[in-house]
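**Student:** Structure file target_36.csv (CSV, C-alpha atoms) right here:
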```csv
chain,number,residue,atom,x,y,z
A,1,MET,CA,133.7,124.6,97.2
A,2,THR,CA,130.2,125.3,98.4
A,3,GLN,CA,129.4,127.5,95.4
A,4,ALA,CA,130.8,125.0,92.9
A,5,PHE,CA,128.8,122.2,94.5
A,6,ALA,CA,125.7,124.3,94.6
A,7,ILE,CA,125.0,123.6,90.9
A,8,ALA,CA,123.9,120.1,92.1
A,9,GLY,CA,120.8,121.8,93.5
A,10,GLU,CA,120.1,123.5,90.2
A,11,ILE,CA,120.6,120.3,88.3
A,12,ASN,CA,118.1,118.6,90.6
A,13,ILE,CA,115.6,121.4,90.0
A,14,ALA,CA,116.2,121.0,86.3
A,15,ARG,CA,115.6,117.2,86.6
A,16,PHE,CA,112.7,116.9,89.0
A,17,TYR,CA,110.8,120.2,88.7
A,18,TRP,CA,111.5,121.9,85.4
A,19,HIS,CA,112.3,118.8,83.4
A,20,ILE,CA,115.0,120.7,81.5
A,21,PHE,CA,117.4,117.8,82.0
A,22,ASP,CA,115.2,115.7,79.7
A,23,GLU,CA,115.5,118.4,77.1
A,24,PHE,CA,119.3,118.2,77.3
A,25,GLN,CA,119.2,114.4,77.1
A,26,ALA,CA,116.9,114.5,74.1
A,27,ALA,CA,119.1,117.1,72.3
A,28,PRO,CA,121.9,116.1,69.9
A,29,ILE,CA,124.6,116.9,72.4
A,30,SER,CA,127.0,114.3,73.9
A,31,ASP,CA,127.0,113.4,77.6
A,32,PHE,CA,130.6,114.8,77.7
A,33,ALA,CA,129.4,118.2,76.4
A,34,TYR,CA,126.6,118.2,79.0
A,35,VAL,CA,128.9,117.4,81.9
A,36,ALA,CA,131.6,119.9,80.6
A,37,GLY,CA,128.9,122.6,80.4
A,38,GLU,CA,127.6,122.0,83.9
A,39,VAL,CA,131.1,121.9,85.3
A,40,ALA,CA,132.1,125.1,83.5
A,41,ALA,CA,129.0,126.7,85.0
A,42,GLY,CA,130.0,125.5,88.5
A,43,ILE,CA,133.5,126.8,88.1
A,44,THR,CA,132.3,130.2,86.9
A,45,ARG,CA,129.8,130.5,89.8
A,46,ALA,CA,132.6,129.6,92.3
A,47,LEU,CA,135.0,132.1,90.8
A,48,LEU,CA,132.4,134.9,90.9
A,49,ALA,CA,131.6,134.1,94.5
A,50,CYS,CA,135.3,134.2,95.4
A,51,LEU,CA,135.8,137.4,93.5
A,52,VAL,CA,133.2,139.1,95.6
A,53,ILE,CA,134.9,137.9,98.8
A,54,LEU,CA,138.3,139.1,97.5
A,55,ILE,CA,137.0,142.5,96.5
A,56,LEU,CA,135.4,142.9,99.9
A,57,GLY,CA,138.8,141.9,101.4
A,58,VAL,CA,140.5,144.7,99.5
A,59,PHE,CA,138.0,147.2,101.0
A,60,PHE,CA,138.8,145.8,104.4
A,61,GLY,CA,142.5,146.2,103.9
A,62,VAL,CA,143.4,142.6,103.4
A,63,SER,CA,146.6,142.4,101.4
A,64,LEU,CA,147.5,139.0,100.0
A,65,ALA,CA,149.2,137.6,96.9
A,66,TYR,CA,146.7,136.5,94.2
A,67,GLY,CA,149.1,135.1,91.6
A,68,PRO,CA,148.4,132.5,88.9
A,69,LEU,CA,149.1,129.6,91.3
A,70,PHE,CA,146.4,130.9,93.7
A,71,TRP,CA,143.9,131.0,90.8
A,72,LEU,CA,145.0,127.6,89.5
A,73,ALA,CA,144.3,126.1,93.0
A,74,LEU,CA,141.0,127.8,93.1
A,75,ILE,CA,140.0,126.6,89.6
A,76,LEU,CA,141.1,123.0,90.3
A,77,ASN,CA,139.1,123.0,93.6
A,78,SER,CA,136.1,124.3,91.8
A,79,PHE,CA,136.6,121.7,89.1
A,80,VAL,CA,136.6,118.9,91.7
A,81,PHE,CA,133.4,120.0,93.4
A,82,ALA,CA,131.5,121.0,90.3
A,83,SER,CA,132.2,117.6,88.8
A,84,LEU,CA,131.3,115.9,92.1
A,85,ALA,CA,128.1,118.0,92.1
A,86,VAL,CA,127.1,116.8,88.6
A,87,GLY,CA,127.7,113.2,89.6
A,88,CYS,CA,125.8,113.4,92.9
A,89,ALA,CA,122.9,115.2,91.2
A,90,MET,CA,122.4,112.1,89.0
A,91,HIS,CA,122.2,109.7,91.9
A,92,VAL,CA,119.9,111.5,94.3
A,93,ARG,CA,116.2,110.8,93.9
A,94,SER,CA,114.8,114.1,95.2
A,95,HIS,CA,115.8,117.6,96.1
A,96,ALA,CA,115.6,116.5,99.8
A,97,ASP,CA,118.2,113.8,99.2
A,98,GLN,CA,120.5,116.5,97.8
A,99,THR,CA,120.2,118.5,101.0
A,100,LEU,CA,121.4,115.4,103.0
A,101,VAL,CA,124.6,115.3,100.9
A,102,VAL,CA,125.2,118.9,101.6
A,103,ASN,CA,124.5,118.6,105.3
A,104,PHE,CA,126.5,115.4,105.9
A,105,VAL,CA,129.3,115.7,103.4
A,106,ILE,CA,129.9,119.2,102.1
A,107,THR,CA,129.3,121.3,105.2
A,108,PRO,CA,131.5,119.1,107.5
A,109,MET,CA,134.2,119.2,104.8
A,110,ALA,CA,134.1,123.0,104.7
A,111,PHE,CA,134.9,123.0,108.4
A,112,LEU,CA,137.3,120.1,108.6
A,113,GLY,CA,139.3,120.7,105.3
A,114,GLY,CA,141.9,122.9,106.9
A,115,THR,CA,140.0,126.1,106.0
A,116,PHE,CA,139.5,127.4,109.6
A,117,PHE,CA,142.4,125.9,111.5
A,118,PRO,CA,145.8,124.5,110.6
A,119,LEU,CA,145.9,120.7,110.4
A,120,ALA,CA,149.3,120.7,112.1
A,121,SER,CA,147.5,121.2,115.4
A,122,LEU,CA,145.6,117.9,115.0
A,123,PRO,CA,147.0,114.4,116.0
A,124,ASP,CA,148.7,112.4,113.3
A,125,TRP,CA,145.8,110.2,112.6
A,126,GLY,CA,143.5,113.2,112.2
A,127,GLN,CA,145.9,114.8,109.7
A,128,LYS,CA,146.0,111.6,107.7
A,129,LEU,CA,142.2,111.3,107.7
A,130,LEU,CA,141.6,114.9,106.7
A,131,GLY,CA,144.3,114.5,104.1
A,132,LEU,CA,141.9,112.3,102.2
A,133,LEU,CA,139.6,115.4,101.6
A,134,PRO,CA,140.3,117.3,98.4
A,135,LEU,CA,139.5,120.5,100.1
A,136,THR,CA,142.4,120.0,102.5
A,137,HIS,CA,144.9,120.1,99.6
A,138,ALA,CA,143.1,123.1,98.0
A,139,ALA,CA,143.1,125.0,101.2
A,140,ARG,CA,146.8,124.3,101.7
A,141,LEU,CA,147.6,125.4,98.2
A,142,MET,CA,145.6,128.6,98.4
A,143,ARG,CA,146.8,129.5,101.8
A,144,ALA,CA,150.4,129.0,100.7
A,145,THR,CA,150.1,131.0,97.5
A,146,ALA,CA,148.1,133.8,99.1
A,147,PHE,CA,151.0,134.2,101.6
A,148,GLY,CA,153.5,134.4,98.8
A,149,GLU,CA,154.9,130.9,99.2
A,150,ALA,CA,155.4,128.5,96.3
A,151,PRO,CA,153.9,125.2,97.0
A,152,GLY,CA,155.2,122.1,95.1
A,153,ALA,CA,153.5,120.7,92.0
A,154,GLY,CA,152.4,117.6,93.9
A,155,GLY,CA,149.3,119.3,95.4
A,156,TYR,CA,148.2,120.6,92.0
A,157,LEU,CA,148.7,117.2,90.4
A,158,LEU,CA,146.7,115.5,93.2
A,159,LEU,CA,143.9,118.0,93.0
A,160,GLY,CA,143.9,117.7,89.2
A,161,GLY,CA,143.8,113.9,89.4
A,162,ILE,CA,140.9,114.0,91.9
A,163,GLY,CA,139.1,116.5,89.6
A,164,LEU,CA,139.5,114.2,86.6
A,165,GLY,CA,138.3,111.3,88.7
A,166,CYS,CA,135.2,113.3,89.7
A,167,PHE,CA,134.6,114.3,86.1
A,168,LEU,CA,134.7,110.7,85.0
A,169,PHE,CA,132.3,109.9,87.9
A,170,ALA,CA,130.0,112.7,86.6
A,171,PHE,CA,130.2,111.4,83.0
A,172,LEU,CA,129.4,107.8,83.9
A,173,SER,CA,126.6,109.0,86.2
A,174,VAL,CA,125.0,111.1,83.4
A,175,ARG,CA,125.1,108.0,81.2
A,176,ARG,CA,123.5,105.9,83.9
A,177,ALA,CA,120.7,108.4,84.4
A,178,ARG,CA,119.2,107.1,81.1
A,179,GLU,CA,118.2,103.9,82.8
B,1,MET,CA,111.5,107.2,58.6
B,2,ILE,CA,111.3,105.6,62.0
B,3,GLU,CA,111.9,101.8,62.1
B,4,VAL,CA,111.3,100.1,65.5
B,5,SER,CA,111.8,96.3,65.7
B,6,GLY,CA,111.3,94.0,68.7
B,7,LEU,CA,111.6,96.8,71.3
B,8,GLU,CA,111.9,95.4,74.9
B,9,LYS,CA,112.1,97.2,78.2
B,10,SER,CA,111.5,95.9,81.7
B,11,PHE,CA,111.4,97.6,85.1
B,12,GLY,CA,112.5,94.9,87.5
B,13,GLU,CA,110.2,92.0,87.0
B,14,ARG,CA,107.6,94.0,85.1
B,15,ALA,CA,107.9,94.1,81.3
B,16,ALA,CA,106.9,97.5,80.0
B,17,LEU,CA,107.6,96.7,76.4
B,18,ALA,CA,107.7,93.1,75.0
B,19,GLY,CA,108.6,93.1,71.3
B,20,VAL,CA,107.1,96.3,70.0
B,21,SER,CA,107.6,96.8,66.3
B,22,PHE,CA,106.3,99.5,64.0
B,23,THR,CA,107.4,101.7,61.1
B,24,VAL,CA,106.6,105.4,60.5
B,25,ARG,CA,107.3,106.5,57.0
B,26,ALA,CA,108.4,110.0,56.0
B,27,GLY,CA,105.5,112.5,56.0
B,28,GLU,CA,103.2,110.1,57.8
B,29,ILE,CA,101.3,111.2,60.9
B,30,TYR,CA,101.3,108.2,63.3
B,31,ALA,CA,99.1,107.9,66.4
B,32,TYR,CA,100.6,105.6,69.0
B,33,LEU,CA,97.7,104.8,71.3
B,34,GLY,CA,97.1,102.5,74.3
B,35,PRO,CA,95.7,102.4,77.8
B,36,ASN,CA,97.6,103.7,80.8
B,37,GLY,CA,100.7,101.7,81.5
B,38,ALA,CA,100.8,100.3,78.0
B,39,GLY,CA,104.3,101.6,77.4
B,40,LYS,CA,103.7,104.6,75.2
B,41,THR,CA,105.8,107.0,77.2
B,42,THR,CA,108.5,104.3,77.6
B,43,THR,CA,108.6,103.9,73.8
B,44,ILE,CA,109.0,107.6,73.2
B,45,ARG,CA,111.6,107.9,75.9
B,46,ILE,CA,113.6,105.2,74.3
B,47,LEU,CA,113.2,106.7,70.8
B,48,THR,CA,114.4,110.1,72.1
B,49,GLY,CA,117.4,108.7,74.0
B,50,LEU,CA,115.9,109.4,77.4
B,51,SER,CA,115.8,105.7,78.4
B,52,ARG,CA,117.8,102.7,77.5
B,53,ARG,CA,116.1,99.6,76.0
B,54,ASP,CA,116.7,96.0,76.9
B,55,GLY,CA,116.3,94.7,73.4
B,56,GLY,CA,115.3,95.4,69.9
B,57,THR,CA,116.5,97.9,67.3
B,58,VAL,CA,115.7,101.5,66.5
B,59,ARG,CA,116.6,103.3,63.3
B,60,ILE,CA,115.7,106.9,62.4
B,61,ASN,CA,116.2,107.9,58.8
B,62,GLY,CA,118.6,105.0,58.5
B,63,HIS,CA,120.7,106.0,61.6
B,64,ASP,CA,121.0,103.3,64.3
B,65,LEU,CA,120.1,104.8,67.7
B,66,ASP,CA,122.9,102.9,69.4
B,67,ARG,CA,125.7,103.7,66.9
B,68,GLU,CA,124.6,107.2,65.9
B,69,PRO,CA,122.6,108.6,68.8
B,70,LEU,CA,123.4,112.3,68.0
B,71,ALA,CA,122.4,111.9,64.4
B,72,CYS,CA,119.1,110.4,65.5
B,73,LYS,CA,118.4,113.1,68.1
B,74,ALA,CA,119.1,115.8,65.5
B,75,LEU,CA,116.1,114.5,63.6
B,76,ILE,CA,113.7,114.4,66.5
B,77,GLY,CA,111.4,117.1,67.8
B,78,LEU,CA,109.8,116.3,71.1
B,79,VAL,CA,107.0,117.9,73.0
B,80,PRO,CA,107.1,116.2,76.4
B,81,GLN,CA,104.2,115.7,78.8
B,82,GLN,CA,105.5,118.1,81.3
B,83,THR,CA,106.5,121.7,81.0
B,84,ASN,CA,110.2,121.7,80.3
B,85,LEU,CA,111.2,125.4,80.3
B,86,ASP,CA,113.7,127.3,82.4
B,87,ALA,CA,111.2,129.3,84.4
B,88,ASP,CA,113.8,132.1,85.1
B,89,LEU,CA,114.5,132.7,81.5
B,90,SER,CA,112.4,134.6,79.0
B,91,VAL,CA,110.5,133.0,76.2
B,92,GLU,CA,113.2,134.2,73.7
B,93,GLU,CA,116.1,133.0,76.0
B,94,ASN,CA,114.5,129.5,76.3
B,95,LEU,CA,114.2,129.3,72.5
B,96,ILE,CA,117.8,130.4,72.1
B,97,VAL,CA,119.0,127.7,74.5
B,98,HIS,CA,117.0,125.1,72.6
B,99,GLY,CA,118.3,126.3,69.2
B,100,LEU,CA,121.9,126.2,70.5
B,101,LEU,CA,121.3,122.7,71.8
B,102,HIS,CA,120.4,121.8,68.2
B,103,HIS,CA,123.6,123.4,66.9
B,104,MET,CA,121.7,126.2,65.0
B,105,GLU,CA,123.5,129.4,64.0
B,106,ARG,CA,122.6,132.4,66.2
B,107,ARG,CA,121.3,134.3,63.2
B,108,GLU,CA,119.1,131.4,62.1
B,109,ILE,CA,117.8,131.0,65.7
B,110,SER,CA,116.8,134.7,65.8
B,111,ARG,CA,115.0,134.5,62.5
B,112,LYS,CA,113.1,131.3,63.4
B,113,ILE,CA,112.2,132.7,66.8
B,114,GLY,CA,110.6,135.7,65.1
B,115,GLU,CA,108.8,133.5,62.6
B,116,LEU,CA,107.6,131.1,65.3
B,117,LEU,CA,106.4,133.6,67.8
B,118,ASP,CA,104.5,135.5,65.1
B,119,TYR,CA,102.9,132.3,64.1
B,120,LEU,CA,102.0,131.5,67.7
B,121,GLU,CA,100.7,135.1,68.1
B,122,MET,CA,103.2,135.5,71.0
B,123,GLY,CA,105.4,138.2,69.5
B,124,GLU,CA,104.6,140.6,72.4
B,125,ARG,CA,105.6,137.9,74.9
B,126,ARG,CA,109.1,137.5,73.5
B,127,GLN,CA,110.8,139.1,76.5
B,128,ALA,CA,108.3,137.7,79.1
B,129,ILE,CA,109.8,135.6,81.9
B,130,VAL,CA,108.4,132.1,81.6
B,131,LYS,CA,107.3,131.8,85.2
B,132,ASN,CA,105.2,134.9,84.8
B,133,LEU,CA,103.4,133.5,81.7
B,134,PRO,CA,99.8,132.3,82.1
B,135,GLY,CA,99.5,128.6,81.8
B,136,ARG,CA,98.1,128.8,78.3
B,137,PHE,CA,101.1,130.5,77.0
B,138,ARG,CA,103.4,128.0,78.7
B,139,ARG,CA,101.9,125.5,76.4
B,140,PHE,CA,102.8,127.7,73.4
B,141,SER,CA,106.3,127.9,74.6
B,142,ILE,CA,106.6,124.1,75.0
B,143,SER,CA,105.4,123.8,71.5
B,144,SER,CA,107.8,126.4,70.3
B,145,LEU,CA,110.7,124.7,71.9
B,146,SER,CA,110.1,121.6,69.9
B,147,ALA,CA,109.8,123.5,66.7
B,148,THR,CA,112.7,125.9,66.4
B,149,ARG,CA,114.4,123.8,63.8
B,150,TRP,CA,114.1,122.1,60.4
B,151,ALA,CA,111.3,122.1,57.9
B,152,GLY,CA,108.7,120.3,60.0
B,153,MET,CA,108.4,123.1,62.5
B,154,TRP,CA,104.9,124.2,61.7
B,155,ARG,CA,103.6,120.7,61.9
B,156,SER,CA,105.4,120.1,65.1
B,157,ALA,CA,104.1,123.3,66.7
B,158,ALA,CA,100.5,123.0,65.7
B,159,THR,CA,100.0,119.3,66.4
B,160,ALA,CA,101.5,119.7,69.9
B,161,ILE,CA,98.9,122.2,71.0
B,162,SER,CA,95.4,121.4,72.0
B,163,ASN,CA,92.6,122.9,69.9
B,164,SER,CA,91.3,124.8,72.9
B,165,SER,CA,94.5,126.9,73.2
B,166,CYS,CA,95.0,127.5,69.4
B,167,PRO,CA,94.4,131.1,68.3
B,168,ALA,CA,91.4,131.2,66.0
B,169,SER,CA,93.5,132.7,63.2
B,170,TRP,CA,95.9,129.7,63.0
B,171,PRO,CA,95.9,127.9,59.7
B,172,TRP,CA,96.1,124.1,60.3
B,173,PRO,CA,99.3,123.0,58.6
B,174,ALA,CA,99.1,120.9,55.5
```
Using structure tokens, write down the structure from this file.

**Tutor:**
Amino acid sequence: MTQAFAIAGEINIARFYWHIFDEFQAAPISDFAYVAGEVAAGITRALLACLVILILGVFFGVSLAYGPLFWLALILNSFVFASLAVGCAMHVRSHADQTLVVNFVITPMAFLGGTFFPLASLPDWGQKLLGLLPLTHAARLMRATAFGEAPGAGGYLLLGGIGLGCFLFAFLSVRRARE
Amino acid sequence: MIEVSGLEKSFGERAALAGVSFTVRAGEIYAYLGPNGAGKTTTIRILTGLSRRDGGTVRINGHDLDREPLACKALIGLVPQQTNLDADLSVEENLIVHGLLHHMERREISRKIGELLDYLEMGERRQAIVKNLPGRFRRFSISSLSATRWAGMWRSAATAISNSSCPASWPWPA
């Protein structure tokens, strides 16, 4: 999640400091192509970061199942947060604003999204509240598949739907950035 | 040919452009001058698709900017006011990215990069990382970026660079 979202910082640098974003907007490429490219970059970055952790895990003797469903959950989660990153990067007005989003949205989500503790230990209202976070569903899917369980399709569909929503948000935000 | 008619743009209450019209014919060199705040940058940003307009029409070589924005952009070479290079990439890598953005073939990109860097007397800087380039050479790179494509490349390159930073051996383009 954090690595996929980290492309927001790079997009901001490209917008505010290097002015490469203007170059992209002046080039004969569609907004869809731009968003797709940035999201693909975010997913790639996230997968590479995860790969490093998984390889380290192997050296430390961690033995988990990394089947196709595990990777699908990982890719969908990266898709959600890379798309969200592109959208957010179009709305912030400075690099400092971007840090606020990370501090108050992304970092708390990393701790509260069921990554470090099982949500079952929380009260009912807490579970429902944290169920609104996409990371909660991604963590549940990845944990289940890594332990060899087969989660239902619902979690994947939900994550994919949120991802498509975030992609649309990113696309509309890039169009709006021309104002 | 660039045809601009009745261009309008406001920022809040303030009108930056109020009915700007002009035509630039093919092969014509057109100087668009005015005092600070007159709307020169706003006009260029609209023509290049970086900003939206509130009114008026823009046609580039017969293509309507609203209906065929990509066709219009494919005909535009822009040297912006600010440095617009990826500082972590080399001169060559920046040019490759720019060529790909304009849908050039890789072989064509490589050939034109060679031609352009030779012309700019920057052949030995091809692999240099942009953030390590002296400021003077950054200007060359900016100019190069705008000029990797189509027949107008020499004109685009040379007119974008101030006389003070031109190598003495450069022929001024016809």

**Student:** Quick check, in Å to one decimal: how far apart do atom CA of Asn103 of chain A and atom CA of Leu119 of chain A lie?

**Tutor:**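 Rounded to one decimal, the two atoms are 22.1 Å apart.
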
**Student:** Closest to Arg175 of chain A among B:Thr57, B:Asn36, B:Ser51, B:Asn94, using all atoms listed in the file?

**Tutor:**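 Between B:Thr57, B:Asn36, B:Ser51, B:Asn94, the residue approaching Arg175 of chain A most closely is B:Ser51.
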
**Student:** Residues at most 7 Å from segment 75-89 of chain A, counting all atoms listed in the file, excluding those fewer than 4 positions away in the same chain, as a ChimeraX atom specification?

**Tutor:** /A:1,4-5,7-8,11-12,35,39,42-43,46,71,135,138,159-160,162-163,166-167,169-170,173

**Student:** Write out as a list in words every residue belonging to chain A that has an atom at most 8 Å from any atom of chain B, counting only C-alpha atoms.

**Tutor:**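 The answer, sorted by residue number, is Ala14, Trp18, His19, Ile20, Asp22, Glu23, Phe24, Gln25, Ala26, Ala27, Pro28, Ile29, Ser30, Arg178 and Glu179 of chain A.
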
**Student:** Atom CA of Arg67 of chain B and atom CA of Ser5 of chain B, how far apart in Å?

**Tutor:** 15.8 Å

**Student:** Provide the atom CA of Leu112 of chain A to atom CA of Val62 of chain A distance in Å, to one decimal place.

**Tutor:**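 Result for atom CA of Leu112 of chain A versus atom CA of Val62 of chain A: 23.9 Å, one decimal.
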
**Student:** Could you check the closest approach to Arg14 of chain B for each of B:Leu133, B:Ser110, B:Gly39, B:Gln127 and tell me which residue wins, using only C-alpha atoms?

**Tutor:**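 Checking each of B:Leu133, B:Ser110, B:Gly39, B:Gln127 against Arg14 of chain B, counting only C-alpha atoms, the winner is B:Gly39.
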
**Student:** Would you mind completing segment 141-161 of chain A to N, CA and C atoms and writing the output as a compact mmCIF listing (two decimals), in the coordinates of the input?

**Tutor:**
```txt
# COMPACT_ATOMS: atom_id res chain seq x y z
N LEU A 141 147.05 124.75 99.35
CA LEU A 141 147.60 125.40 98.20
C LEU A 141 147.27 126.91 98.16
N MET A 142 146.01 127.19 98.41
CA MET A 142 145.60 128.60 98.40
C MET A 142 146.15 129.42 99.49
N ARG A 143 146.25 128.81 100.66
CA ARG A 143 146.80 129.50 101.80
C ARG A 143 148.30 129.86 101.51
N ALA A 144 149.01 128.85 100.98
CA ALA A 144 150.40 129.00 100.70
C ALA A 144 150.65 130.12 99.65
N THR A 145 149.92 130.04 98.55
CA THR A 145 150.10 131.00 97.50
C THR A 145 149.66 132.41 97.91
N ALA A 146 148.59 132.48 98.70
CA ALA A 146 148.10 133.80 99.10
C ALA A 146 149.13 134.48 100.06
N PHE A 147 149.93 133.67 100.76
CA PHE A 147 151.00 134.20 101.60
C PHE A 147 152.31 134.35 100.89
N GLY A 148 152.28 134.18 99.59
CA GLY A 148 153.50 134.40 98.80
C GLY A 148 154.43 133.23 98.73
N GLU A 149 154.03 132.09 99.25
CA GLU A 149 154.90 130.90 99.20
C GLU A 149 154.65 130.17 97.87
N ALA A 150 155.57 129.33 97.49
CA ALA A 150 155.40 128.50 96.30
C ALA A 150 155.29 127.07 96.62
N PRO A 151 154.06 126.56 96.63
CA PRO A 151 153.90 125.20 97.00
C PRO A 151 154.39 124.27 95.81
N GLY A 152 154.71 123.03 96.11
CA GLY A 152 155.20 122.10 95.10
C GLY A 152 154.07 121.74 94.11
N ALA A 153 154.49 121.08 93.03
CA ALA A 153 153.50 120.70 92.00
C ALA A 153 152.64 119.53 92.46
N GLY A 154 153.09 118.82 93.49
CA GLY A 154 152.40 117.60 93.90
C GLY A 154 150.91 117.89 94.28
N GLY A 155 150.68 118.96 95.01
CA GLY A 155 149.30 119.30 95.40
C GLY A 155 148.41 119.59 94.23
N TYR A 156 148.97 120.27 93.25
CA TYR A 156 148.20 120.60 92.00
C TYR A 156 147.87 119.33 91.26
N LEU A 157 148.89 118.45 91.14
CA LEU A 157 148.70 117.20 90.40
C LEU A 157 147.63 116.34 91.09
N LEU A 158 147.71 116.30 92.42
CA LEU A 158 146.70 115.50 93.20
C LEU A 158 145.33 116.05 93.00
N LEU A 159 145.21 117.37 93.12
CA LEU A 159 143.90 118.00 93.00
C LEU A 159 143.36 117.81 91.54
N GLY A 160 144.26 117.94 90.57
CA GLY A 160 143.90 117.70 89.20
C GLY A 160 143.43 116.29 88.94
N GLY A 161 144.15 115.35 89.55
CA GLY A 161 143.80 113.90 89.40
C GLY A 161 142.44 113.65 90.04
```
